[in-house]
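Participant: Below is entry29.csv; it holds CSV, C-alpha atoms.
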chain,number,residue,atom,x,y,z
A,1,MET,CA,6.4,-3.9,-39.6
A,2,SER,CA,6.0,-0.2,-38.9
A,3,THR,CA,2.8,1.8,-38.6
A,4,ARG,CA,3.0,5.5,-39.2
A,5,ALA,CA,0.5,8.3,-39.4
A,6,VAL,CA,0.4,11.8,-41.0
A,7,GLU,CA,-2.5,12.7,-38.7
A,8,ALA,CA,-1.6,11.5,-35.2
A,9,TRP,CA,-5.2,10.7,-34.2
A,10,THR,CA,-5.4,7.8,-36.7
A,11,LEU,CA,-2.3,6.0,-35.2
A,12,GLU,CA,-3.7,4.3,-32.1
A,13,PRO,CA,-6.9,2.9,-33.8
A,14,LEU,CA,-4.8,1.6,-36.7
A,15,VAL,CA,-2.2,-0.1,-34.5
A,16,LYS,CA,-5.0,-1.8,-32.6
A,17,PHE,CA,-6.7,-2.9,-35.8
A,18,VAL,CA,-3.5,-4.3,-37.3
A,19,LYS,CA,-2.7,-6.3,-34.2
A,20,GLU,CA,-6.2,-7.8,-33.8
A,21,ALA,CA,-7.1,-8.4,-37.5
A,22,GLY,CA,-3.7,-9.7,-38.5
A,23,ALA,CA,-3.6,-7.4,-41.5
A,24,ARG,CA,-0.5,-7.3,-43.6
A,25,LEU,CA,-0.8,-3.9,-45.2
A,26,VAL,CA,-3.2,-1.1,-44.3
A,27,LEU,CA,-3.8,2.4,-45.7
A,28,VAL,CA,-6.2,5.0,-44.2
A,29,MET,CA,-6.8,7.7,-46.7
A,30,THR,CA,-9.3,10.3,-47.8
A,31,SER,CA,-11.7,9.7,-50.8
A,32,ALA,CA,-9.2,11.7,-52.9
A,33,GLY,CA,-6.4,9.2,-52.1
A,34,GLN,CA,-4.5,11.4,-49.6
A,35,VAL,CA,-2.9,9.0,-47.1
A,36,LEU,CA,-3.4,9.7,-43.4
A,37,ALA,CA,-1.8,6.5,-42.1
A,38,GLN,CA,-0.1,3.3,-43.3
A,39,HIS,CA,1.0,0.0,-41.9
A,40,GLY,CA,3.4,-2.4,-43.6
A,41,PHE,CA,4.5,-0.5,-46.6
A,42,SER,CA,8.2,-0.2,-47.1
A,43,ARG,CA,8.3,2.0,-50.3
A,44,ALA,CA,6.7,5.4,-50.9
A,45,MET,CA,5.9,4.4,-54.5
A,46,ASP,CA,3.9,1.4,-53.3
A,47,VAL,CA,1.9,3.7,-51.0
A,48,MET,CA,1.1,6.2,-53.7
A,49,SER,CA,0.1,3.4,-56.1
A,50,ALA,CA,-2.1,1.6,-53.6
A,51,ALA,CA,-3.7,4.9,-52.5
A,52,ALA,CA,-4.5,5.9,-56.0
A,53,LEU,CA,-5.9,2.5,-57.0
A,54,GLY,CA,-7.9,2.1,-53.7
A,55,ALA,CA,-9.5,5.6,-54.1
A,56,ALA,CA,-10.2,4.9,-57.8
A,57,ILE,CA,-12.0,1.6,-56.9
A,58,MET,CA,-14.1,3.3,-54.3
A,59,ALA,CA,-15.0,6.1,-56.7
A,60,SER,CA,-16.0,3.4,-59.3
A,61,THR,CA,-18.2,1.5,-56.8
A,62,ASP,CA,-19.7,4.8,-55.6
A,63,GLU,CA,-20.7,5.6,-59.1
A,64,ILE,CA,-22.1,2.1,-59.7
A,65,ALA,CA,-24.2,2.6,-56.6
A,66,ARG,CA,-25.3,6.1,-57.7
A,67,GLN,CA,-26.4,4.7,-61.1
A,68,MET,CA,-28.4,2.0,-59.3
A,69,GLN,CA,-29.9,4.7,-57.1
A,70,GLN,CA,-28.5,3.1,-54.0
A,71,PRO,CA,-26.4,4.5,-51.1
A,72,PRO,CA,-22.7,3.9,-51.5
A,73,PHE,CA,-21.6,0.2,-50.9
A,74,ALA,CA,-20.2,-0.3,-47.5
A,75,ALA,CA,-17.3,-2.5,-48.3
A,76,LEU,CA,-15.6,-4.5,-51.0
A,77,ASN,CA,-13.6,-7.7,-50.7
A,78,HIS,CA,-11.5,-9.3,-53.4
A,79,GLN,CA,-10.0,-12.7,-52.5
A,80,GLY,CA,-7.1,-14.3,-54.3
A,81,GLU,CA,-5.3,-17.6,-53.7
A,82,ARG,CA,-3.1,-16.4,-50.8
A,83,HIS,CA,-4.2,-12.9,-50.1
A,84,GLY,CA,-7.3,-10.8,-49.8
A,85,ILE,CA,-8.0,-7.1,-50.2
A,86,PHE,CA,-10.7,-5.4,-48.2
A,87,LEU,CA,-11.8,-1.9,-49.0
A,88,ALA,CA,-14.3,0.1,-47.0
A,89,GLY,CA,-15.4,3.6,-46.2
A,90,VAL,CA,-15.9,5.1,-42.8
A,91,MET,CA,-17.4,8.5,-41.8
A,92,THR,CA,-15.4,10.5,-39.4
A,93,GLY,CA,-15.1,14.1,-38.2
A,94,ARG,CA,-12.4,14.5,-40.9
A,95,GLY,CA,-14.9,13.5,-43.6
A,96,ARG,CA,-15.3,10.1,-45.3
A,97,LEU,CA,-12.2,8.1,-45.1
A,98,ILE,CA,-11.2,4.9,-46.9
A,99,ALA,CA,-9.4,1.9,-45.4
A,100,LEU,CA,-7.5,-0.4,-47.7
A,101,VAL,CA,-6.5,-3.7,-46.0
A,102,ALA,CA,-4.5,-6.5,-47.5
A,103,TYR,CA,-4.5,-9.7,-45.5
A,104,ASP,CA,-2.7,-13.0,-45.8
A,105,LEU,CA,-5.2,-15.9,-45.9
A,106,GLY,CA,-2.9,-18.0,-43.8
A,107,ALA,CA,-2.8,-15.5,-41.0
A,108,SER,CA,-6.2,-13.8,-41.1
A,109,SER,CA,-9.6,-14.1,-42.9
A,110,LEU,CA,-12.4,-11.9,-44.2
A,111,GLY,CA,-14.4,-12.6,-41.1
A,112,LEU,CA,-11.7,-11.3,-38.8
A,113,VAL,CA,-11.0,-8.3,-41.0
A,114,GLN,CA,-14.7,-7.4,-41.1
A,115,LEU,CA,-15.1,-7.9,-37.4
A,116,PHE,CA,-12.2,-5.7,-36.4
A,117,PHE,CA,-12.9,-3.2,-39.1
A,118,GLU,CA,-16.2,-2.3,-37.3
A,119,GLN,CA,-14.1,-1.5,-34.2
A,120,LEU,CA,-11.6,0.5,-36.3
A,121,ALA,CA,-14.5,2.5,-37.8
A,122,THR,CA,-15.8,3.2,-34.2
A,123,ASP,CA,-12.3,4.1,-32.9
A,124,LEU,CA,-11.6,6.4,-35.9
A,125,GLN,CA,-15.0,8.2,-35.4
A,126,ALA,CA,-14.3,8.7,-31.7
A,127,ALA,CA,-10.7,9.9,-32.3
A,128,SER,CA,-11.3,12.2,-35.2
A,129,PRO,CA,-11.2,15.9,-34.7
A,130,LYS,CA,-14.8,17.2,-34.5
A,131,ASP,CA,-16.2,19.8,-36.8
A,132,SER,CA,-12.9,20.1,-38.8
A,133,VAL,CA,-13.1,21.4,-42.3
A,134,PRO,CA,-11.2,19.1,-44.6
A,135,LYS,CA,-8.1,20.9,-45.8
A,136,GLN,CA,-8.1,21.6,-49.5
A,137,VAL,CA,-4.8,20.7,-51.2
A,138,LEU,CA,-4.3,23.2,-54.0
A,139,ALA,CA,-2.6,22.2,-57.1
A,140,ALA,CA,0.4,24.4,-56.4
A,141,ASP,CA,0.9,22.8,-53.0
A,142,PHE,CA,0.1,19.2,-54.1
A,143,GLU,CA,3.7,18.1,-54.7
A,144,ARG,CA,4.9,19.6,-51.4
A,145,GLU,CA,2.0,18.1,-49.5
A,146,LEU,CA,2.6,14.7,-51.0
A,147,SER,CA,6.3,14.9,-50.3
A,148,ASP,CA,5.7,15.9,-46.7
A,149,SER,CA,3.1,13.1,-46.2
A,150,LEU,CA,5.5,10.5,-47.6
A,151,ASN,CA,8.3,11.8,-45.5
A,152,THR,CA,6.2,11.4,-42.4
A,153,LEU,CA,4.9,7.9,-43.4
A,154,PHE,CA,8.4,6.6,-43.9
A,155,GLY,CA,10.1,8.5,-41.1
A,156,ARG,CA,12.4,10.5,-43.3
B,1,MET,CA,-35.5,-29.3,-50.6
B,2,THR,CA,-33.2,-26.3,-51.3
B,3,ALA,CA,-29.7,-26.2,-49.8
B,4,THR,CA,-30.7,-23.3,-47.5
B,5,ALA,CA,-33.8,-25.1,-46.2
B,6,GLY,CA,-31.5,-28.1,-45.5
B,7,TYR,CA,-29.2,-25.9,-43.6
B,8,GLY,CA,-32.0,-24.6,-41.5
B,9,GLN,CA,-33.1,-28.1,-40.6
B,10,ALA,CA,-29.6,-29.1,-39.7
B,11,LEU,CA,-29.3,-26.1,-37.3
B,12,ASP,CA,-32.8,-27.0,-35.9
B,13,LEU,CA,-31.4,-30.4,-34.8
B,14,ILE,CA,-28.7,-28.6,-32.8
B,15,THR,CA,-30.7,-25.8,-31.2
B,16,ARG,CA,-33.3,-28.3,-29.9
B,17,VAL,CA,-30.8,-29.7,-27.4
B,18,GLY,CA,-31.2,-28.1,-24.0
B,19,GLY,CA,-28.6,-25.6,-23.1
B,20,VAL,CA,-27.7,-24.7,-26.6
B,21,ARG,CA,-27.8,-21.0,-27.2
B,22,GLY,CA,-27.3,-21.1,-30.9
B,23,ALA,CA,-26.0,-22.9,-33.9
B,24,MET,CA,-24.2,-21.7,-37.0
B,25,LEU,CA,-22.7,-22.8,-40.2
B,26,VAL,CA,-19.4,-20.9,-40.8
B,27,SER,CA,-17.1,-20.8,-43.8
B,28,ALA,CA,-13.9,-22.2,-42.4
B,29,GLU,CA,-11.7,-20.3,-44.9
B,30,ASP,CA,-13.4,-16.9,-44.7
B,31,GLY,CA,-14.7,-16.9,-41.1
B,32,ILE,CA,-18.1,-15.6,-42.3
B,33,VAL,CA,-21.6,-16.8,-41.4
B,34,VAL,CA,-23.3,-19.1,-43.9
B,35,ALA,CA,-26.4,-19.8,-41.8
B,36,GLU,CA,-27.3,-19.1,-38.2
B,37,GLN,CA,-29.9,-19.7,-35.5
B,38,LEU,CA,-28.8,-17.7,-32.5
B,39,MET,CA,-30.4,-16.4,-29.3
B,40,GLU,CA,-30.5,-12.6,-28.9
B,41,GLY,CA,-27.2,-11.2,-27.6
B,42,ILE,CA,-24.9,-13.6,-29.3
B,43,LYS,CA,-22.6,-11.8,-31.7
B,44,GLY,CA,-22.7,-14.2,-34.7
B,45,ALA,CA,-20.1,-12.5,-36.8
B,46,ALA,CA,-17.6,-12.4,-33.9
B,47,VAL,CA,-18.2,-16.1,-33.0
B,48,ALA,CA,-17.8,-17.1,-36.7
B,49,ALA,CA,-14.6,-15.1,-37.3
B,50,LEU,CA,-13.0,-16.4,-34.1
B,51,ALA,CA,-14.1,-20.0,-34.5
B,52,ALA,CA,-12.7,-20.1,-38.1
B,53,SER,CA,-9.4,-18.5,-37.0
B,54,LEU,CA,-9.1,-21.1,-34.1
B,55,SER,CA,-10.0,-23.9,-36.5
B,56,THR,CA,-7.3,-22.9,-38.9
B,57,ARG,CA,-4.7,-22.8,-36.2
B,58,LEU,CA,-5.9,-26.1,-34.7
B,59,ARG,CA,-5.7,-27.8,-38.1
B,60,ARG,CA,-2.1,-26.7,-38.6
B,61,ALA,CA,-1.2,-27.8,-35.1
B,62,MET,CA,-2.8,-31.2,-35.7
B,63,GLU,CA,-1.1,-31.6,-39.0
B,64,ALA,CA,2.2,-30.8,-37.4
B,65,ALA,CA,1.6,-33.3,-34.7
B,66,GLY,CA,0.7,-35.9,-37.3
B,67,VAL,CA,-2.6,-36.9,-35.8
B,68,GLY,CA,-4.7,-36.2,-38.9
B,69,ALA,CA,-7.7,-33.9,-39.4
B,70,SER,CA,-9.8,-32.6,-36.5
B,71,LEU,CA,-13.2,-34.2,-36.2
B,72,PHE,CA,-14.7,-32.4,-33.3
B,73,TRP,CA,-13.5,-29.8,-30.8
B,74,HIS,CA,-14.9,-28.5,-27.6
B,75,LEU,CA,-13.8,-25.2,-26.0
B,76,GLN,CA,-15.0,-24.8,-22.4
B,77,ALA,CA,-15.2,-21.4,-20.9
B,78,GLU,CA,-16.5,-20.0,-17.6
B,79,GLN,CA,-19.8,-18.8,-18.9
B,80,GLY,CA,-20.3,-21.0,-21.9
B,81,ALA,CA,-18.9,-23.5,-24.4
B,82,LEU,CA,-18.1,-23.6,-28.1
B,83,LEU,CA,-18.5,-27.0,-29.9
B,84,VAL,CA,-17.4,-27.4,-33.5
B,85,VAL,CA,-17.4,-30.1,-36.1
B,86,PRO,CA,-15.5,-29.3,-39.4
B,87,THR,CA,-17.0,-30.8,-42.6
B,88,PRO,CA,-14.9,-31.9,-45.6
B,89,ASN,CA,-16.4,-29.1,-47.8
B,90,GLY,CA,-14.9,-26.3,-45.6
B,91,ILE,CA,-17.9,-25.6,-43.5
B,92,LEU,CA,-17.7,-25.5,-39.7
B,93,VAL,CA,-20.8,-26.6,-37.8
B,94,VAL,CA,-20.7,-24.5,-34.6
B,95,ALA,CA,-22.8,-24.7,-31.4
B,96,VAL,CA,-22.7,-22.0,-28.7
B,97,ALA,CA,-23.9,-23.5,-25.4
B,98,GLU,CA,-24.3,-23.1,-21.7
B,99,PRO,CA,-21.3,-24.3,-19.6
B,100,ASP,CA,-23.2,-27.3,-18.3
B,101,VAL,CA,-24.7,-28.5,-21.6
B,102,ASN,CA,-24.8,-32.3,-22.4
B,103,VAL,CA,-21.7,-32.3,-24.6
B,104,GLY,CA,-22.2,-35.8,-25.9
B,105,LEU,CA,-25.7,-35.0,-27.2
B,106,VAL,CA,-24.6,-31.8,-28.8
B,107,ARG,CA,-21.7,-33.6,-30.5
B,108,LEU,CA,-24.1,-36.2,-31.9
B,109,GLU,CA,-26.3,-33.5,-33.3
B,110,LEU,CA,-23.4,-31.5,-34.7
B,111,LEU,CA,-22.2,-34.7,-36.5
B,112,ARG,CA,-25.7,-35.3,-37.9
B,113,ALA,CA,-25.8,-31.7,-39.1
B,114,ALA,CA,-22.4,-32.0,-40.6
B,115,GLU,CA,-23.6,-35.0,-42.7
B,116,VAL,CA,-26.5,-32.9,-44.0
B,117,VAL,CA,-24.2,-30.0,-44.8
B,118,GLY,CA,-21.1,-31.9,-46.0
Please express the file's structure as structure tokens.
Facilitator:
Amino acid sequence: MSTRAVEAWTLEPLVKFVKEAGARLVLVMTSAGQVLAQHGFSRAMDVMSAAALGAAIMASTDEIARQMQQPPFAALNHQGERHGIFLAGVMTGRGRLIALVAYDLGASSLGLVQLFFEQLATDLQAASPKDSVPKQVLAADFERELSDSLNTLFGR
Amino acid sequence: MTATAGYGQALDLITRVGGVRGAMLVSAEDGIVVAEQLMEGIKGAAVAALAASLSTRLRRAMEAAGVGASLFWHLQAEQGALLVVPTPNGILVVAVAEPDVNVGLVRLELLRAAEVVG
């Protein structure tokens, strides 16, 4: 399984997390769904779908928290029969990022994912460029930016 | 008595044994803490996640070996020991102890606690 990053500083923390938590699929993305790194995906379409859905879920829970006059929820876990999905936000110098983790219940567990996610968050905070202004992706550039990111993520 | 009060009493039985640094009830499937009584400095979430992961692998190994389900396991390390009794309802009763703890006594209390929990 390959791990690839659009922004190089995310690669080492992600590789370490995947190895320790036994995660099957991981996406690290911005709140807008722009993917910075991925592990385990083999098709660009899957990455785009997962990123869009993950960002939408986080946006929904953020809104629920806002309506409850609470700070945003830290993490969300959804467990199925054989797989679990863990979704959590992390503050970095690059702004708030979202990690979407899919894990196999036979190889990992919520406890392991939670445990090593704390380390991932610390490592991403430490590795992220400080005082960087998040780059705005203009509508005109969106398709090219997306295409460039997917090419990097899949080594094209 | 509520379930959680019962869990507290079960953990009390274990932590009263000399040399025990803490006791926990852990969800075997999820590796998350259900209840805990730990001395300061013990990372409960880490112990729970790793104990559950180890328990899953041990269960598979024992099934493959055809020796049936695990009833008790004891992991001895240089600076401490981990003692675990799995219950039929998917809870692990876990004790974190000093390396020279009376293992027999802790095992007895873990089994008693497992009866309360399971």
Participant: At a cut-off of 12 Å, using all atoms listed in the file, what residues contact Leu83 in chain B? Leave out same-chain residues fewer than 5 positions from it and give the result as an NGL selection string.
Facilitator: :B and (14 or 20-25 or 47 or 51 or 54-55 or 71-77 or 92-99 or 101-111)
Participant: Would you write out, as JSON lines, a table of all residues in chain B that have an atom no more than 10 Å from an atom of chain A, listing for each the closest atom pair and the distance in Å to one decimal, considering all atoms listed in the file and ordering rows by chain and rising residue number?
Facilitator:
{"residue": "B:Val26", "atom": "CA", "partner": "A:Gly111", "partner_atom": "CA", "distance": 9.7}
{"residue": "B:Ser27", "atom": "CA", "partner": "A:Gly111", "partner_atom": "CA", "distance": 9.0}
{"residue": "B:Ala28", "atom": "CA", "partner": "A:Ser109", "partner_atom": "CA", "distance": 9.2}
{"residue": "B:Glu29", "atom": "CA", "partner": "A:Ser109", "partner_atom": "CA", "distance": 6.8}
{"residue": "B:Asp30", "atom": "CA", "partner": "A:Ser109", "partner_atom": "CA", "distance": 5.1}
{"residue": "B:Gly31", "atom": "CA", "partner": "A:Gly111", "partner_atom": "CA", "distance": 4.3}
{"residue": "B:Ile32", "atom": "CA", "partner": "A:Gly111", "partner_atom": "CA", "distance": 4.9}
{"residue": "B:Val33", "atom": "CA", "partner": "A:Gly111", "partner_atom": "CA", "distance": 8.3}
{"residue": "B:Ala45", "atom": "CA", "partner": "A:Leu115", "partner_atom": "CA", "distance": 6.8}
{"residue": "B:Ala46", "atom": "CA", "partner": "A:Leu115", "partner_atom": "CA", "distance": 6.2}
{"residue": "B:Val47", "atom": "CA", "partner": "A:Gly111", "partner_atom": "CA", "distance": 9.6}
{"residue": "B:Ala48", "atom": "CA", "partner": "A:Gly111", "partner_atom": "CA", "distance": 7.2}
{"residue": "B:Ala49", "atom": "CA", "partner": "A:Gly111", "partner_atom": "CA", "distance": 4.6}
{"residue": "B:Leu50", "atom": "CA", "partner": "A:Leu112", "partner_atom": "CA", "distance": 7.1}
{"residue": "B:Ala51", "atom": "CA", "partner": "A:Gly111", "partner_atom": "CA", "distance": 9.9}
{"residue": "B:Ala52", "atom": "CA", "partner": "A:Gly111", "partner_atom": "CA", "distance": 8.3}
{"residue": "B:Ser53", "atom": "CA", "partner": "A:Ser108", "partner_atom": "CA", "distance": 7.0}
{"residue": "B:Thr56", "atom": "CA", "partner": "A:Gly106", "partner_atom": "CA", "distance": 8.2}
{"residue": "B:Arg57", "atom": "CA", "partner": "A:Ala107", "partner_atom": "CA", "distance": 8.9}
Participant: Have a look at A:Ser31, A:Ser42, A:Thr152, A:Asn77 and name the one nearest to Asp62 in chain A; count all atoms listed in the file.
Facilitator: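 The shortest atom-to-atom distance to Asp62 in chain A comes from A:Ser31.
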Participant: Using all atoms listed in the file, pick whichever of A:Ser149, A:Ser128, A:Ser60, A:Gln70 has the shortest atom-to-atom distance to Leu97 in chain A.
Facilitator: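 Of the candidates, the smallest distance to Leu97 in chain A is held by A:Ser128.
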Participant: Can you tell me which residues surround Leu14 in chain A at a distance of at most 8 Å, considering all atoms listed in the file, apart from same-chain residues fewer than 5 positions away, and format the answer as a count of residues only?
Facilitator: 4
Participant: CA of Gln34 in chain A to CA of Leu146 in chain A: how many Å, to one decimal?
Facilitator: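 One can read the CA of Gln34 in chain A to CA of Leu146 in chain A distance as 8.0 Å.
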Participant: Name all residues at most 7 Å from range 81-84 of chain A (count only C-alpha atoms; drop same-chain ones fewer than 5 positions away) and give them as a list in words.
Facilitator: Ala102, Tyr103, Asp104 and Leu105 of chain A
Participant: Restricting the calculation to all atoms listed in the file: of A:Asn151, A:Gln67, A:Thr92, A:Gln125, which residue gets closest to Val6 in chain A?
Facilitator: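 Between A:Asn151, A:Gln67, A:Thr92, A:Gln125, the residue approaching Val6 in chain A most closely is A:Asn151.
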Participant: Counting all atoms listed in the file, which of A:Arg96, A:Gly33, A:Ile64, A:His78 gets nearest to Ala52 in chain A?
Facilitator: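 Result for the nearest residue to Ala52 in chain A: A:Gly33.
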Participant: Neighbours of Ala10 in chain B within 9 Å (all atoms listed in the file; same-chain residues fewer than 3 positions away dropped), as a PDB file with C-alpha atoms, in the coordinates of the input?
Facilitator:
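Listing of out_37.pdb after writing:
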ATOM      1  CA  ALA B   5     -33.800 -25.100 -46.200  1.00  0.00           C
ATOM      2  CA  GLY B   6     -31.500 -28.100 -45.500  1.00  0.00           C
ATOM      3  CA  TYR B   7     -29.200 -25.900 -43.600  1.00  0.00           C
ATOM      4  CA  LEU B  13     -31.400 -30.400 -34.800  1.00  0.00           C
ATOM      5  CA  ILE B  14     -28.700 -28.600 -32.800  1.00  0.00           C
ATOM      6  CA  GLU B 109     -26.300 -33.500 -33.300  1.00  0.00           C
ATOM      7  CA  LEU B 110     -23.400 -31.500 -34.700  1.00  0.00           C
ATOM      8  CA  ARG B 112     -25.700 -35.300 -37.900  1.00  0.00           C
ATOM      9  CA  ALA B 113     -25.800 -31.700 -39.100  1.00  0.00           C
ATOM     10  CA  ALA B 114     -22.400 -32.000 -40.600  1.00  0.00           C
ATOM     11  CA  GLU B 115     -23.600 -35.000 -42.700  1.00  0.00           C
ATOM     12  CA  VAL B 116     -26.500 -32.900 -44.000  1.00  0.00           C
ATOM     13  CA  VAL B 117     -24.200 -30.000 -44.800  1.00  0.00           C
TER      14      VAL B 117
END
Participant: Between CA of Ala32 in chain A and CA of Ala51 in chain A, what distance in Å does the model show, to one decimal?
Facilitator: 8.8 Å
Participant: Name all residues at most 10 Å from Phe41 in chain A (count all atoms listed in the file; drop same-chain ones fewer than 4 positions away) and give them as an MDAnalysis selection string.
Facilitator: chainID A and resid 1:4 24:27 45:47 50 153:154
Participant: Take CA of Gln119 in chain A and CA of Ser49 in chain A and report the distance between them in Å, one decimal.
Facilitator: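 Between these atoms lies a distance of 26.6 Å.
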